[in-house]
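For reference, run-v2.txt (compact mmCIF, C-alpha atoms and all ligand atoms):
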# COMPACT_ATOMS: atom_id res chain seq x y z
CA MET A 11 -14.20 -4.41 15.49
CA SER A 12 -13.60 -7.55 13.42
CA ASP A 13 -10.33 -8.36 11.68
CA ILE A 14 -9.75 -8.16 7.95
CA LEU A 15 -6.35 -9.92 8.15
CA THR A 16 -4.88 -12.43 10.57
CA ILE A 17 -1.17 -12.78 9.89
CA ASP A 18 0.47 -15.71 11.64
CA GLY A 19 4.08 -16.85 11.58
CA LEU A 20 4.70 -15.11 8.26
CA THR A 21 8.23 -15.78 7.04
CA LYS A 22 9.96 -14.80 3.81
CA ARG A 23 13.53 -15.83 3.08
CA PHE A 24 15.42 -15.00 -0.09
CA GLU A 25 17.94 -17.44 -1.46
CA MET A 26 20.85 -15.40 -2.82
CA HIS A 27 22.46 -17.35 -5.65
CA VAL A 28 25.14 -14.69 -6.06
CA ILE A 29 26.32 -15.26 -2.49
CA ASP A 30 26.58 -19.06 -2.61
CA GLY A 31 22.89 -19.66 -2.02
CA ARG A 32 22.97 -17.97 1.38
CA GLU A 33 19.56 -16.97 2.71
CA VAL A 34 18.53 -13.41 3.51
CA ALA A 35 15.65 -12.92 5.95
CA GLY A 36 12.95 -10.60 4.64
CA LEU A 37 10.40 -11.53 7.33
CA GLU A 38 10.74 -13.86 10.31
CA ASP A 39 7.72 -15.25 12.14
CA VAL A 40 5.57 -12.14 11.78
CA THR A 41 2.26 -12.30 13.64
CA PHE A 42 -0.39 -9.58 14.04
CA ASP A 43 -3.98 -8.73 13.10
CA VAL A 44 -5.34 -5.93 10.96
CA ARG A 45 -8.73 -4.62 12.04
CA ASP A 46 -11.47 -3.86 9.59
CA GLY A 47 -11.51 -0.14 8.76
CA GLU A 48 -8.32 0.85 10.56
CA PHE A 49 -5.24 2.66 9.32
CA LEU A 50 -2.27 0.56 10.33
CA ALA A 51 1.13 2.17 9.84
CA VAL A 52 4.22 -0.02 9.45
CA VAL A 53 7.43 1.67 10.61
CA GLY A 54 11.05 0.60 11.07
CA GLU A 55 14.60 1.09 9.90
CA SER A 56 15.60 0.60 6.31
CA GLY A 57 15.86 -3.11 5.55
CA SER A 58 13.68 -4.15 8.50
CA GLY A 59 11.15 -5.92 6.26
CA LYS A 60 8.36 -3.37 5.75
CA SER A 61 8.14 -3.69 1.95
CA SER A 62 8.52 -7.46 2.16
CA LEU A 63 5.52 -7.53 4.50
CA LEU A 64 3.31 -5.60 2.07
CA LYS A 65 4.52 -7.70 -0.86
CA CYS A 66 3.76 -10.94 0.99
CA ILE A 67 0.23 -9.70 1.80
CA HIS A 68 -0.22 -8.68 -1.85
CA ARG A 69 1.46 -11.94 -2.93
CA THR A 70 3.98 -10.11 -5.10
CA TYR A 71 6.29 -12.27 -2.97
CA GLU A 72 5.34 -15.84 -2.21
CA PRO A 73 5.84 -16.34 1.52
CA THR A 74 8.21 -19.10 2.62
CA SER A 75 5.84 -20.10 5.43
CA GLY A 76 3.05 -18.80 7.64
CA THR A 77 -0.47 -17.61 6.86
CA VAL A 78 -2.14 -14.38 5.77
CA ALA A 79 -5.83 -15.03 6.44
CA TYR A 80 -8.04 -12.52 4.59
CA HIS A 81 -11.53 -12.40 6.08
CA LYS A 82 -14.70 -11.37 4.34
CA GLY A 83 -18.02 -12.23 5.98
CA ASP A 84 -17.80 -15.89 6.93
CA GLN A 85 -15.22 -16.58 4.24
CA THR A 86 -11.47 -16.72 4.78
CA VAL A 87 -8.77 -16.98 2.11
CA ASP A 88 -5.14 -17.67 2.97
CA LEU A 89 -3.33 -15.18 0.74
CA ALA A 90 -0.04 -16.95 1.45
CA THR A 91 -1.09 -20.18 -0.22
CA CYS A 92 -4.20 -19.62 -2.35
CA ASP A 93 -3.97 -20.18 -6.10
CA GLU A 94 -2.96 -17.40 -8.50
CA ARG A 95 -6.44 -17.06 -9.90
CA THR A 96 -7.87 -16.25 -6.46
CA VAL A 97 -5.05 -13.74 -5.87
CA LEU A 98 -5.72 -12.01 -9.19
CA ALA A 99 -9.48 -11.88 -8.58
CA LEU A 100 -8.97 -10.33 -5.13
CA ARG A 101 -6.43 -7.83 -6.48
CA GLY A 102 -8.84 -6.71 -9.15
CA ALA A 103 -11.81 -6.37 -6.87
CA GLU A 104 -10.73 -5.85 -3.28
CA ILE A 105 -7.02 -5.48 -2.59
CA GLY A 106 -5.12 -2.44 -3.89
CA TYR A 107 -1.38 -1.85 -3.73
CA ALA A 108 0.78 1.16 -4.47
CA SER A 109 4.51 0.59 -4.59
CA GLN A 110 6.83 3.45 -3.79
CA PHE A 111 7.36 4.28 -7.43
CA LEU A 112 5.08 4.18 -10.43
CA HIS A 113 6.00 1.56 -12.98
CA GLU A 114 4.30 3.42 -15.76
CA ILE A 115 2.75 1.81 -18.76
CA PRO A 116 4.41 3.24 -21.90
CA ARG A 117 2.39 5.74 -23.95
CA VAL A 118 -0.66 5.74 -21.66
CA PRO A 119 -1.68 9.23 -20.46
CA ALA A 120 -1.83 9.80 -16.69
CA VAL A 121 -5.62 10.03 -16.63
CA ASP A 122 -5.92 6.64 -18.37
CA VAL A 123 -3.37 5.03 -16.03
CA VAL A 124 -5.74 5.95 -13.19
CA ALA A 125 -8.90 5.11 -15.16
CA ARG A 126 -7.68 1.65 -16.17
CA PRO A 127 -8.58 -0.23 -12.94
CA LEU A 128 -11.99 1.46 -12.99
CA ARG A 129 -12.57 0.24 -16.54
CA GLU A 130 -11.59 -3.24 -15.34
CA GLN A 131 -14.32 -2.89 -12.69
CA GLY A 132 -16.82 -2.36 -15.50
CA LYS A 133 -17.17 1.44 -15.40
CA SER A 134 -17.77 3.24 -18.69
CA PRO A 135 -14.77 5.06 -20.25
CA GLU A 136 -16.39 8.44 -19.50
CA THR A 137 -17.14 7.66 -15.84
CA ALA A 138 -13.71 6.10 -15.32
CA ARG A 139 -11.95 9.13 -16.77
CA GLU A 140 -14.13 11.52 -14.77
CA ILE A 141 -13.29 9.79 -11.48
CA ALA A 142 -9.61 9.70 -12.51
CA ARG A 143 -9.59 13.41 -13.27
CA ASP A 144 -11.25 14.21 -9.93
CA LEU A 145 -8.65 12.20 -8.04
CA LEU A 146 -5.72 13.75 -9.92
CA GLU A 147 -7.19 17.18 -9.28
CA THR A 148 -7.58 16.46 -5.56
CA LEU A 149 -3.95 15.33 -5.51
CA GLN A 150 -3.05 18.59 -7.25
CA LEU A 151 -1.51 17.17 -10.37
CA PRO A 152 -1.34 20.12 -12.79
CA GLU A 153 -4.20 19.76 -15.26
CA GLU A 154 -1.94 20.11 -18.29
CA LEU A 155 -0.31 16.80 -17.25
CA PHE A 156 -3.53 14.77 -17.23
CA GLU A 157 -3.13 13.78 -20.89
CA ALA A 158 0.69 13.53 -20.75
CA TYR A 159 2.74 10.36 -20.30
CA PRO A 160 3.98 9.77 -16.73
CA ALA A 161 7.38 8.65 -18.08
CA THR A 162 8.39 12.31 -18.23
CA PHE A 163 6.94 13.28 -14.82
CA SER A 164 8.84 14.29 -11.70
CA GLY A 165 9.02 11.84 -8.77
CA GLY A 166 6.23 13.64 -6.90
CA GLU A 167 4.00 13.82 -9.97
CA ARG A 168 4.43 10.11 -10.62
CA GLN A 169 3.69 9.35 -7.01
CA ARG A 170 0.37 11.19 -7.28
CA VAL A 171 -0.59 9.14 -10.34
CA ASN A 172 0.47 5.96 -8.54
CA LEU A 173 -1.59 6.76 -5.45
CA ALA A 174 -4.63 7.80 -7.51
CA ARG A 175 -4.43 4.56 -9.48
CA ALA A 176 -4.33 2.45 -6.31
CA ILE A 177 -7.22 4.17 -4.56
CA ALA A 178 -9.47 4.78 -7.58
CA PRO A 179 -11.27 1.41 -7.42
CA ARG A 180 -11.98 1.98 -3.69
CA PRO A 181 -10.42 -1.31 -2.58
CA ARG A 182 -11.52 -2.89 0.66
CA LEU A 183 -7.87 -3.30 1.66
CA LEU A 184 -5.27 -0.80 0.50
CA LEU A 185 -1.55 -1.56 0.82
CA LEU A 186 0.62 1.54 0.48
CA ASP A 187 4.42 1.57 0.39
CA GLU A 188 5.65 5.09 1.18
CA PRO A 189 2.90 6.69 -0.90
CA THR A 190 3.68 10.28 0.08
CA SER A 191 7.50 10.25 0.38
CA ALA A 192 8.10 12.43 -2.71
CA LEU A 193 5.28 14.92 -2.08
CA ASP A 194 5.72 18.48 -0.82
CA PRO A 195 4.02 19.18 2.54
CA GLU A 196 0.94 20.81 1.01
CA THR A 197 0.30 18.04 -1.51
CA ARG A 198 0.95 15.48 1.22
CA GLU A 199 -1.83 17.06 3.29
CA HIS A 200 -4.22 16.71 0.37
CA ALA A 201 -3.19 13.08 -0.09
CA LEU A 202 -3.76 12.36 3.61
CA ASP A 203 -7.15 14.09 3.53
CA LEU A 204 -8.07 11.93 0.58
CA LEU A 205 -6.93 8.77 2.37
CA GLU A 206 -8.94 9.78 5.43
CA SER A 207 -12.06 10.15 3.32
CA TYR A 208 -11.48 6.62 2.00
CA LEU A 209 -11.12 5.36 5.57
CA ASP A 210 -14.44 6.98 6.40
CA SER A 211 -16.05 5.01 3.61
CA GLY A 212 -14.70 1.71 4.97
CA THR A 213 -11.33 1.09 3.32
CA THR A 214 -8.69 -0.52 5.54
CA VAL A 215 -5.14 0.77 4.99
CA VAL A 216 -1.83 -0.89 5.77
CA GLY A 217 0.81 1.69 4.94
CA VAL A 218 4.59 1.97 5.24
CA PHE A 219 5.70 5.44 6.30
CA HIS A 220 9.04 6.92 7.31
CA ASN A 221 7.62 10.31 8.24
CA ARG A 222 6.59 10.36 11.91
CA ASP A 223 4.28 13.34 11.46
CA VAL A 224 2.29 11.39 8.90
CA VAL A 225 2.04 8.38 11.21
CA GLU A 226 0.98 10.55 14.13
CA ARG A 227 -1.60 12.31 12.04
CA ILE A 228 -3.31 9.36 10.40
CA ALA A 229 -2.56 5.98 12.01
CA ASP A 230 -4.89 4.13 14.39
CA ARG A 231 -2.17 1.62 15.28
CA VAL A 232 1.52 1.23 14.51
CA VAL A 233 3.49 -1.94 13.77
CA GLU A 234 7.18 -1.49 14.56
CA MET A 235 9.56 -3.71 12.63
CA ASP A 236 13.19 -4.46 13.26
CA ASP A 237 15.46 -7.05 11.69
CA ALA A 238 12.63 -8.82 9.78
CA ARG A 239 10.48 -9.15 12.91
CA VAL A 240 7.59 -7.28 14.45
CA GLN A 241 8.88 -5.71 17.64
CA ARG A 242 5.67 -4.11 18.88
CA VAL A 243 2.15 -3.19 17.89
CA LEU A 244 1.18 0.15 19.45
CA ASP A 245 -2.02 2.15 19.67
CA CYS A 246 -1.63 5.60 18.16
CA SER A 247 -1.84 7.27 21.59
CA ALA A 248 1.10 5.20 22.89
CA TYR A 249 3.05 5.95 19.72
CA ARG A 250 2.39 9.70 20.04
CA GLU A 251 3.49 9.69 23.67
CA GLU A 252 6.76 8.02 22.74
CA VAL A 253 7.41 10.33 19.81
CA THR A 254 6.79 13.46 21.86
CA ALA A 255 8.62 12.21 25.00
N1 LIG B 301 13.75 -9.51 -3.87
C1 LIG B 301 14.64 -9.60 -2.89
N2 LIG B 301 15.73 -10.40 -3.03
C2 LIG B 301 16.63 -10.51 -2.04
N3 LIG B 301 16.55 -9.89 -0.86
C3 LIG B 301 15.50 -9.08 -0.67
C4 LIG B 301 14.48 -8.89 -1.66
N4 LIG B 301 13.55 -8.03 -1.17
C5 LIG B 301 13.96 -7.70 0.07
N5 LIG B 301 15.13 -8.32 0.37
C6 LIG B 301 15.88 -8.22 1.63
O1 LIG B 301 14.96 -8.37 2.70
C7 LIG B 301 15.27 -7.46 3.75
C8 LIG B 301 14.08 -6.57 4.02
O2 LIG B 301 13.91 -5.72 2.88
P1 LIG B 301 12.65 -4.75 2.73
O3 LIG B 301 12.74 -4.12 1.38
O4 LIG B 301 11.43 -5.49 3.07
O5 LIG B 301 12.97 -3.67 3.87
P2 LIG B 301 12.29 -2.26 4.14
O6 LIG B 301 12.08 -2.18 5.61
O7 LIG B 301 11.10 -2.07 3.28
O8 LIG B 301 13.45 -1.26 3.70
P3 LIG B 301 13.37 0.25 3.12
O9 LIG B 301 12.80 1.10 4.22
O10 LIG B 301 14.82 0.58 2.84
O11 LIG B 301 12.53 0.23 1.86
C9 LIG B 301 16.52 -6.70 3.31
O12 LIG B 301 17.64 -7.32 3.87
C10 LIG B 301 16.51 -6.86 1.80
O13 LIG B 301 17.81 -6.82 1.28

Would you mind writing the file out in structure tokens?
Ligand SMILES: Nc1ncnc2c1ncn2[C@@H]1O[C@H](COP(=O)(O)OP(=O)(O)OP(=O)(O)O)[C@@H](O)[C@H]1O
Amino acid sequence: MSDILTIDGLTKRFEMHVIDGREVAGLEDVTFDVRDGEFLAVVGESGSGKSSLLKCIHRTYEPTSGTVAYHKGDQTVDLATCDERTVLALRGAEIGYASQFLHEIPRVPAVDVVARPLREQGKSPETAREIARDLLETLQLPEELFEAYPATFSGGERQRVNLARAIAPRPRLLLLDEPTSALDPETREHALDLLESYLDSGTTVVGVFHNRDVVERIADRVVEMDDARVQRVLDCSAYREEVTA
């Protein structure tokens, strides 16, 4: 299997002006590969750097140093240093990201929040809305909420809209930060089934999860983080053995 990402020496430090310019380590010298088509789960204690890792790959955060080589065919782009225009083009077409919480767009109904990235891909309004409705239905959002504004939704309802929006354009690389944390067990199962079907069609997922059952169920490999560093990269079988031991 080839790699979609080669992450090497990735470091992110935050300068904290409110504490006399002291630096806080978000990531320190993080190195690992992501294989094409795999589901890679990122686990670790709170504050260990999981979200910072996803944000550096997505370039929401500009890394302090290191490389994030994104491979496609014989082309490679360093997401850590490439220009903004390249980042934006890749985000639109190939790299999706769902943060833990939906930052909803005011006065846009849920179905249009999900349809928007599909419209940006050039799909007609009807097709985009149809795909959006299908996804929201699969994620069991009550149909009467499809045309409502997510601002009034519960945490779990918003999370479904957020996940649907990220996966709708079928990105080649999907970055998910705790995408199922607010879902009840049944809805979570539907969300995981949906993610699995995306994996089958070739999407690579790097996802942060706290829930061990979810990791056991869906991950091919697990990156364990601690104190801004990668401690280990485990195959799912080794992870399962440790969890059940
Ligand atoms: N924008 C920021 N400014 C300053 N410090 C930050 C920022 N983002 C993250 N950090 C710091 O970087 C470290 C790693 O944070 P990060 O959010 O990546 O951890 P995490 O493993 O995702 O935690 P959690 O599981 O609680 O979401 C923490 O010490 C955090 O305070």

If you take all atoms listed in the file and a cut-off of 12 Å, which residues of chain A touch ligand LIG 301 (chain B), and what are their nearest atom pairs and distances in Å to one decimal, in chain and number order, as a Markdown table?
| residue | atom | partner | partner_atom | distance |
| --- | --- | --- | --- | --- |
| A:Thr21 | CA | B:LIG301 | O1 | 10.9 |
| A:Lys22 | CA | B:LIG301 | O1 | 8.2 |
| A:Arg23 | CA | B:LIG301 | O1 | 7.6 |
| A:Phe24 | CA | B:LIG301 | C2 | 5.0 |
| A:Glu25 | CA | B:LIG301 | C2 | 7.1 |
| A:Met26 | CA | B:LIG301 | C2 | 6.5 |
| A:His27 | CA | B:LIG301 | C2 | 9.7 |
| A:Val28 | CA | B:LIG301 | C2 | 10.3 |
| A:Ile29 | CA | B:LIG301 | C2 | 10.8 |
| A:Gly31 | CA | B:LIG301 | C2 | 11.1 |
| A:Arg32 | CA | B:LIG301 | C2 | 10.4 |
| A:Glu33 | CA | B:LIG301 | N3 | 8.5 |
| A:Val34 | CA | B:LIG301 | N3 | 6.0 |
| A:Ala35 | CA | B:LIG301 | O1 | 5.6 |
| A:Gly36 | CA | B:LIG301 | O1 | 3.6 |
| A:Leu37 | CA | B:LIG301 | C8 | 7.0 |
| A:Glu38 | CA | B:LIG301 | C8 | 10.2 |
| A:Val52 | CA | B:LIG301 | O6 | 9.0 |
| A:Val53 | CA | B:LIG301 | O6 | 7.8 |
| A:Gly54 | CA | B:LIG301 | O6 | 6.2 |
| A:Glu55 | CA | B:LIG301 | O6 | 6.0 |
| A:Ser56 | CA | B:LIG301 | O9 | 3.5 |
| A:Gly57 | CA | B:LIG301 | O5 | 3.4 |
| A:Ser58 | CA | B:LIG301 | O6 | 3.8 |
| A:Gly59 | CA | B:LIG301 | O4 | 3.2 |
| A:Lys60 | CA | B:LIG301 | O6 | 3.9 |
| A:Ser61 | CA | B:LIG301 | O7 | 3.6 |
| A:Ser62 | CA | B:LIG301 | O4 | 3.6 |
| A:Leu63 | CA | B:LIG301 | O4 | 6.4 |
| A:Leu64 | CA | B:LIG301 | O4 | 8.2 |
| A:Lys65 | CA | B:LIG301 | O4 | 8.3 |
| A:Cys66 | CA | B:LIG301 | O4 | 9.6 |
| A:Thr70 | CA | B:LIG301 | N1 | 9.9 |
| A:Tyr71 | CA | B:LIG301 | N1 | 8.0 |
| A:Glu72 | CA | B:LIG301 | N1 | 10.7 |
| A:Pro73 | CA | B:LIG301 | N4 | 11.7 |
| A:Ser109 | CA | B:LIG301 | O11 | 10.3 |
| A:Gln110 | CA | B:LIG301 | O11 | 8.6 |
| A:Phe111 | CA | B:LIG301 | O11 | 11.4 |
| A:Leu186 | CA | B:LIG301 | O7 | 11.4 |
| A:Asp187 | CA | B:LIG301 | O7 | 8.1 |
| A:Glu188 | CA | B:LIG301 | O11 | 8.5 |
| A:Pro189 | CA | B:LIG301 | O11 | 11.9 |
| A:Ser191 | CA | B:LIG301 | O9 | 11.2 |
| A:Gly217 | CA | B:LIG301 | O7 | 11.1 |
| A:Val218 | CA | B:LIG301 | O7 | 7.9 |
| A:Phe219 | CA | B:LIG301 | O9 | 8.6 |
| A:His220 | CA | B:LIG301 | O9 | 7.6 |
| A:Asn221 | CA | B:LIG301 | O9 | 11.3 |
| A:Val233 | CA | B:LIG301 | O6 | 11.9 |
| A:Glu234 | CA | B:LIG301 | O6 | 10.2 |
| A:Met235 | CA | B:LIG301 | O6 | 7.6 |
| A:Asp236 | CA | B:LIG301 | O6 | 8.1 |
| A:Asp237 | CA | B:LIG301 | C8 | 7.8 |
| A:Ala238 | CA | B:LIG301 | C8 | 6.4 |
| A:Arg239 | CA | B:LIG301 | C8 | 9.9 |
| A:Val240 | CA | B:LIG301 | O6 | 11.1 |

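You can rank A:Leu89, A:Leu20, A:Ala174, A:Val97 by their closest distance to Asp122 (chain A) using only C-alpha atoms, and at the top of that list sits A:Ala174.
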
Original post:
Rounded to one decimal in Å, what is the spacing between CA of Thr148 (chain A) and CA of Ala178 (chain A)?
Top reply: 12.0 Å

Original post:
CA of Leu204 (chain A) and CA of Ile177 (chain A) are how many Å apart?
Top reply: 9.3 Å

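Nearest residue to Leu205 (chain A) among A:Cys246, A:Val121, A:Leu149, A:Ala158 is A:Leu149, counting only C-alpha atoms.
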
Subject >> Point-to-point distance in Å for CA of Ala108 (chain A) and CA of Gln131 (chain A) >> reply: 17.7 Å

Original post:
Of the candidates A:Glu48, A:Ser207, A:Phe156, A:Ser164, which one gets nearest to Asp144 (chain A) if we count all atoms listed in the file?
Top reply: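 When distances to Asp144 (chain A) are compared using all atoms listed in the file, the smallest one comes from A:Phe156.
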
Original post:
From the set A:Arg231, A:Arg69, A:Arg117, A:Arg101, which residue has the shortest atom-to-atom contact distance to Asp88 (chain A), counting only C-alpha atoms?
Top reply: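 Result for the nearest residue to Asp88 (chain A): A:Arg69.
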
**OP:** Select, from A:Thr162, A:Glu147, A:Pro179, A:Ile67, the residue with the minimum atom-to-atom distance to Ala125 (chain A), counting all atoms listed in the file.
**Re:** A:Pro179

Original post:
Looking at A:Val78, A:Val118, A:Ala103, A:Val171, which one is nearest to Glu130 (chain A), with distances taken over all atoms listed in the file?
Top reply: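 Nearest candidate to Glu130 (chain A) out of A:Val78, A:Val118, A:Ala103, A:Val171: A:Ala103.
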
Subject >> Close residues, Arg222 (chain A) itself excluded, 10 Å, only C-alpha atoms, min 6 positions apart in chain, as a list in words >> reply: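 The neighbour list is Val53, Tyr249, Arg250 and Val253 of chain A.
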
Subject >> Shell of 12 Å around His200 (chain A), all atoms listed in the file, local chain residues under 2 positions omitted, as a ChimeraX atom specification >> reply: /A:145-151,170,173-174,190,193-198,202-207,224

**OP:** With a distance cut-off of 8 Å and all atoms listed in the file, select the neighbouring residues of Pro181 (chain A), excluding the residue or stretch itself and same-chain residues fewer than 6 positions from it, and output the selection as an MDAnalysis selection string.
**Re:** chainID A and resid 103:106 213

Original post:
Excluding same-chain residues fewer than 3 positions from Asp46 (chain A), what lies within 10 Å of it counting only C-alpha atoms, as JSON, numbers by chain?
Top reply: {"A": [11, 12, 13, 14, 15, 43, 49, 81, 82, 182, 183, 212, 213, 214, 215]}

Just add N, CA and C atoms to region 223-238 of chain A and send it as an mmCIF file, keeping the file's coordinate frame.
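Heads up, here's the output in selection_18.cif:
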data_model
loop_
_atom_site.group_PDB
_atom_site.id
_atom_site.type_symbol
_atom_site.label_atom_id
_atom_site.label_comp_id
_atom_site.auth_asym_id
_atom_site.auth_seq_id
_atom_site.Cartn_x
_atom_site.Cartn_y
_atom_site.Cartn_z
ATOM 1 N N ASP A 223 5.442 12.441 11.406
ATOM 2 C CA ASP A 223 4.280 13.340 11.460
ATOM 3 C C ASP A 223 3.087 12.702 10.762
ATOM 4 N N VAL A 224 3.374 12.039 9.642
ATOM 5 C CA VAL A 224 2.290 11.390 8.900
ATOM 6 C C VAL A 224 1.682 10.282 9.749
ATOM 7 N N VAL A 225 2.536 9.485 10.374
ATOM 8 C CA VAL A 225 2.040 8.380 11.210
ATOM 9 C C VAL A 225 1.200 8.924 12.349
ATOM 10 N N GLU A 226 1.720 9.950 13.008
ATOM 11 C CA GLU A 226 0.980 10.550 14.130
ATOM 12 C C GLU A 226 -0.370 11.070 13.688
ATOM 13 N N ARG A 227 -0.371 11.670 12.509
ATOM 14 C CA ARG A 227 -1.600 12.310 12.040
ATOM 15 C C ARG A 227 -2.679 11.298 11.677
ATOM 16 N N ILE A 228 -2.276 10.164 11.057
ATOM 17 C CA ILE A 228 -3.310 9.360 10.400
ATOM 18 C C ILE A 228 -3.491 7.936 10.953
ATOM 19 N N ALA A 229 -2.477 7.405 11.653
ATOM 20 C CA ALA A 229 -2.560 5.980 12.010
ATOM 21 C C ALA A 229 -3.440 5.728 13.237
ATOM 22 N N ASP A 230 -4.177 4.607 13.201
ATOM 23 C CA ASP A 230 -4.890 4.130 14.390
ATOM 24 C C ASP A 230 -3.961 3.287 15.250
ATOM 25 N N ARG A 231 -3.140 2.461 14.553
ATOM 26 C CA ARG A 231 -2.170 1.620 15.280
ATOM 27 C C ARG A 231 -0.879 1.595 14.460
ATOM 28 N N VAL A 232 0.197 1.216 15.140
ATOM 29 C CA VAL A 232 1.520 1.230 14.510
ATOM 30 C C VAL A 232 2.194 -0.126 14.746
ATOM 31 N N VAL A 233 2.681 -0.724 13.664
ATOM 32 C CA VAL A 233 3.490 -1.940 13.770
ATOM 33 C C VAL A 233 4.945 -1.534 13.616
ATOM 34 N N GLU A 234 5.745 -1.824 14.622
ATOM 35 C CA GLU A 234 7.180 -1.490 14.560
ATOM 36 C C GLU A 234 7.967 -2.711 14.161
ATOM 37 N N MET A 235 8.753 -2.572 13.078
ATOM 38 C CA MET A 235 9.560 -3.710 12.630
ATOM 39 C C MET A 235 11.032 -3.454 12.849
ATOM 40 N N ASP A 236 11.741 -4.546 13.122
ATOM 41 C CA ASP A 236 13.190 -4.460 13.260
ATOM 42 C C ASP A 236 13.760 -5.821 12.890
ATOM 43 N N ASP A 237 14.759 -5.810 12.007
ATOM 44 C CA ASP A 237 15.460 -7.050 11.690
ATOM 45 C C ASP A 237 14.502 -8.176 11.276
ATOM 46 N N ALA A 238 13.576 -7.858 10.375
ATOM 47 C CA ALA A 238 12.630 -8.820 9.780
ATOM 48 C C ALA A 238 11.528 -9.278 10.734
#
